[in-house]
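J.: There's a structure below that I have some questions on.
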Amino acid sequence: MKLSDLATRLDLKVYTAGTPLERPVLGGYASDLLSDVIGHGRKDDLWVTMQIHPNIVAVAVLKELAGIVLVNGREPAPETLQQAEREGVPVLGTRLGAFELVGRLYGLGVKGS
């Protein structure tokens, strides 16, 4: 499934204007520890987190993630958005908590790493 499909179906807010959402999402990973995502995230995973600082973009680039979804209504820091737009990393958000969002992703066919 494409990131754009998930964004529409889950009513995700897109924070990174102009960043393409046509990338395939092949799996998902939920964690707030950057080292955990570095160790276990896989290429084309959708990362679910509550972290909002610029380091999340660096991890997404390193692991070639499909995108980042911020939960609990958290909004990315301005410098995070700037870096994400420079690097072409989609950053989205939802008011849902991580548990509920992951359940909905799983229901749409996105399996864990």
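Here's how to read the names in the structure tokens: chain A, B, ... by the order shown, residue numbers from 1 in each chain, ligand numbers from 1 in the order shown.
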Would you tabulate, counting only C-alpha atoms, all residues of range 35-107 of chain A that have an atom at most 9 Å from an atom of range 3-27 of chain A, showing the closest pair of atoms and their distance in Å to one decimal, sorted by chain then ascending number, as CSV?

T.:
residue,atom,partner,partner_atom,distance
A:Arg42,CA,A:Gly27,CA,7.8
A:Lys43,CA,A:Leu26,CA,8.0
A:Asp44,CA,A:Val25,CA,5.3
A:Asp45,CA,A:Gly27,CA,4.5
A:Leu46,CA,A:Val25,CA,6.2
A:Trp47,CA,A:Gly27,CA,8.9
A:Leu65,CA,A:Val25,CA,8.5
A:Ala66,CA,A:Val25,CA,5.9
A:Gly67,CA,A:Leu3,CA,7.7
A:Val69,CA,A:Leu12,CA,8.2
A:Glu75,CA,A:Tyr15,CA,8.3
A:Pro76,CA,A:Tyr15,CA,7.9
A:Leu81,CA,A:Thr16,CA,6.4
A:Gln82,CA,A:Thr16,CA,8.4
A:Ala84,CA,A:Thr16,CA,7.0
A:Glu85,CA,A:Thr16,CA,5.9
A:Gly88,CA,A:Thr19,CA,5.5
A:Val89,CA,A:Thr19,CA,6.7
A:Pro90,CA,A:Thr16,CA,5.8
A:Val91,CA,A:Tyr15,CA,5.6
A:Leu92,CA,A:Val14,CA,4.4
A:Gly93,CA,A:Lys13,CA,5.0
A:Thr94,CA,A:Leu12,CA,5.4
A:Arg95,CA,A:Leu12,CA,8.7
A:Leu101,CA,A:Leu10,CA,8.4
A:Arg104,CA,A:Leu10,CA,7.9
A:Leu105,CA,A:Leu6,CA,7.9

J.: Could you write those residues out with C-alpha atoms, as a PDB file, in the first residue's frame?

T.:
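part_14.pdb was written with the following content:
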ATOM      1  CA  ARG A  42      13.570  -1.826   7.792  1.00  0.00           C
ATOM      2  CA  LYS A  43      13.546  -0.060   4.465  1.00  0.00           C
ATOM      3  CA  ASP A  44      10.057   1.141   3.510  1.00  0.00           C
ATOM      4  CA  ASP A  45       8.694   0.767   7.067  1.00  0.00           C
ATOM      5  CA  LEU A  46       6.318   3.417   8.364  1.00  0.00           C
ATOM      6  CA  TRP A  47       7.635   4.622  11.728  1.00  0.00           C
ATOM      7  CA  LEU A  65      11.875   4.545   5.945  1.00  0.00           C
ATOM      8  CA  ALA A  66       8.676   5.276   4.030  1.00  0.00           C
ATOM      9  CA  GLY A  67       7.732   8.019   6.472  1.00  0.00           C
ATOM     10  CA  VAL A  69       3.786   9.316  11.837  1.00  0.00           C
ATOM     11  CA  GLU A  75       3.466  18.406  16.102  1.00  0.00           C
ATOM     12  CA  PRO A  76       6.999  18.381  14.721  1.00  0.00           C
ATOM     13  CA  LEU A  81      10.045  20.028   9.300  1.00  0.00           C
ATOM     14  CA  GLN A  82      12.803  21.951   7.577  1.00  0.00           C
ATOM     15  CA  ALA A  84      12.377  16.542   6.589  1.00  0.00           C
ATOM     16  CA  GLU A  85      11.501  18.691   3.587  1.00  0.00           C
ATOM     17  CA  GLY A  88      12.310  14.298   1.290  1.00  0.00           C
ATOM     18  CA  VAL A  89      11.042  12.435   4.367  1.00  0.00           C
ATOM     19  CA  PRO A  90       7.250  12.516   4.794  1.00  0.00           C
ATOM     20  CA  VAL A  91       6.146  13.492   8.302  1.00  0.00           C
ATOM     21  CA  LEU A  92       2.500  12.930   9.157  1.00  0.00           C
ATOM     22  CA  GLY A  93       0.474  13.144  12.335  1.00  0.00           C
ATOM     23  CA  THR A  94      -2.617  11.910  14.112  1.00  0.00           C
ATOM     24  CA  ARG A  95      -4.506  12.574  17.322  1.00  0.00           C
ATOM     25  CA  LEU A 101      -2.903   3.762  15.240  1.00  0.00           C
ATOM     26  CA  ARG A 104      -5.594   0.396  12.482  1.00  0.00           C
ATOM     27  CA  LEU A 105      -2.455   0.076  10.348  1.00  0.00           C
TER      28      LEU A 105
END

J.: Quick one: pick out all alpha helix (DSSP H) residues within range 8-90 of chain A from a backbone DSSP run and write them as a PyMOL selection string.

T.: chain A and resi 8-9+34-40+55-63+78-87

J.: May I have the residues from that selection written out with N, CA and C atoms, as a CSV table (one decimal), in the first residue's frame?

T.:
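Resulting contents of again_28.csv:
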chain,number,residue,atom,x,y,z
A,8,THR,N,-4.9,8.9,3.6
A,8,THR,CA,-6.3,9.2,3.3
A,8,THR,C,-7.2,8.3,4.2
A,9,ARG,N,-6.9,7.0,4.2
A,9,ARG,CA,-7.8,6.1,5.0
A,9,ARG,C,-7.7,6.4,6.5
A,34,LEU,N,15.4,6.0,19.3
A,34,LEU,CA,16.0,6.1,18.0
A,34,LEU,C,16.9,4.9,17.8
A,35,SER,N,17.7,4.4,18.8
A,35,SER,CA,18.6,3.3,18.7
A,35,SER,C,17.8,2.0,18.3
A,36,ASP,N,16.6,1.9,18.9
A,36,ASP,CA,15.8,0.7,18.6
A,36,ASP,C,15.3,0.7,17.1
A,37,VAL,N,15.0,1.9,16.6
A,37,VAL,CA,14.6,2.0,15.2
A,37,VAL,C,15.8,1.7,14.3
A,38,ILE,N,16.9,2.2,14.7
A,38,ILE,CA,18.1,2.0,13.9
A,38,ILE,C,18.5,0.5,13.8
A,39,GLY,N,18.3,-0.2,15.0
A,39,GLY,CA,18.6,-1.6,15.0
A,39,GLY,C,17.6,-2.5,14.4
A,40,HIS,N,16.3,-2.1,14.3
A,40,HIS,CA,15.2,-3.0,13.9
A,40,HIS,C,14.3,-2.5,12.8
A,55,ASN,N,16.3,14.7,15.0
A,55,ASN,CA,17.0,13.4,14.8
A,55,ASN,C,16.1,12.3,14.3
A,56,ILE,N,14.8,12.4,14.3
A,56,ILE,CA,14.0,11.4,13.8
A,56,ILE,C,14.1,11.4,12.2
A,57,VAL,N,14.4,12.5,11.7
A,57,VAL,CA,14.6,12.6,10.2
A,57,VAL,C,15.9,11.9,9.8
A,58,ALA,N,16.9,12.1,10.6
A,58,ALA,CA,18.2,11.5,10.3
A,58,ALA,C,18.1,9.9,10.4
A,59,VAL,N,17.3,9.4,11.3
A,59,VAL,CA,17.1,8.0,11.4
A,59,VAL,C,16.3,7.5,10.2
A,60,ALA,N,15.2,8.2,9.8
A,60,ALA,CA,14.4,7.9,8.7
A,60,ALA,C,15.2,7.8,7.4
A,61,VAL,N,16.2,8.7,7.2
A,61,VAL,CA,17.0,8.7,6.1
A,61,VAL,C,18.0,7.5,6.1
A,62,LEU,N,18.6,7.3,7.3
A,62,LEU,CA,19.5,6.2,7.4
A,62,LEU,C,18.9,4.9,7.1
A,63,LYS,N,17.7,4.7,7.6
A,63,LYS,CA,17.0,3.4,7.4
A,63,LYS,C,16.1,3.3,6.2
A,78,PRO,N,9.8,23.0,14.3
A,78,PRO,CA,10.1,23.7,13.0
A,78,PRO,C,11.3,23.2,12.4
A,79,GLU,N,12.4,23.0,13.1
A,79,GLU,CA,13.6,22.5,12.5
A,79,GLU,C,13.5,21.1,12.0
A,80,THR,N,12.6,20.3,12.6
A,80,THR,CA,12.4,18.9,12.1
A,80,THR,C,11.7,19.0,10.7
A,81,LEU,N,10.7,19.9,10.6
A,81,LEU,CA,10.0,20.0,9.3
A,81,LEU,C,11.0,20.5,8.2
A,82,GLN,N,11.8,21.5,8.6
A,82,GLN,CA,12.8,22.0,7.6
A,82,GLN,C,13.7,20.8,7.1
A,83,GLN,N,14.2,20.0,8.0
A,83,GLN,CA,15.1,19.0,7.7
A,83,GLN,C,14.4,17.9,6.9
A,84,ALA,N,13.2,17.6,7.3
A,84,ALA,CA,12.4,16.5,6.6
A,84,ALA,C,12.1,17.0,5.1
A,85,GLU,N,11.8,18.2,4.9
A,85,GLU,CA,11.5,18.7,3.6
A,85,GLU,C,12.8,18.7,2.7
A,86,ARG,N,13.9,19.0,3.3
A,86,ARG,CA,15.2,19.0,2.6
A,86,ARG,C,15.5,17.6,2.2
A,87,GLU,N,15.3,16.6,3.1
A,87,GLU,CA,15.7,15.2,2.9
A,87,GLU,C,14.6,14.4,2.2

J.: I'd like the interatomic distance between CA of Glu100 in chain A and CA of Ser113 in chain A, to a tenth of an Å.

T.: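 Calculated distance between CA of Glu100 in chain A and CA of Ser113 in chain A is 17.6 Å.
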
J.: Set the distance at 10 Å and use only C-alpha atoms: which residues neighbour Phe99 in chain A once local chain neighbours fewer than 2 positions away are removed? I'd like the list as an mmCIF file with C-alpha atoms, in the first residue's frame.

T.:
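Saved result, result-v3.cif, follows:
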data_model
loop_
_atom_site.group_PDB
_atom_site.id
_atom_site.type_symbol
_atom_site.label_atom_id
_atom_site.label_comp_id
_atom_site.auth_asym_id
_atom_site.auth_seq_id
_atom_site.Cartn_x
_atom_site.Cartn_y
_atom_site.Cartn_z
ATOM 1 C CA ALA A 30 6.565 1.638 16.497
ATOM 2 C CA VAL A 48 5.137 5.444 14.477
ATOM 3 C CA VAL A 71 0.964 10.252 17.497
ATOM 4 C CA LEU A 96 -4.672 8.822 17.895
ATOM 5 C CA GLY A 97 -2.392 7.150 20.395
ATOM 6 C CA LEU A 101 -2.903 3.762 15.240
ATOM 7 C CA VAL A 102 -0.821 0.605 15.031
ATOM 8 C CA GLY A 103 -3.994 -1.480 15.353
ATOM 9 C CA ARG A 104 -5.594 0.396 12.482
#

J.: Smallest atom-to-atom distance to Lys2 in chain A: which of A:Glu64, A:Val110, A:Leu33, A:Ala98, using only C-alpha atoms?

T.: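 With only C-alpha atoms as the atom set, the closest residue is A:Val110.
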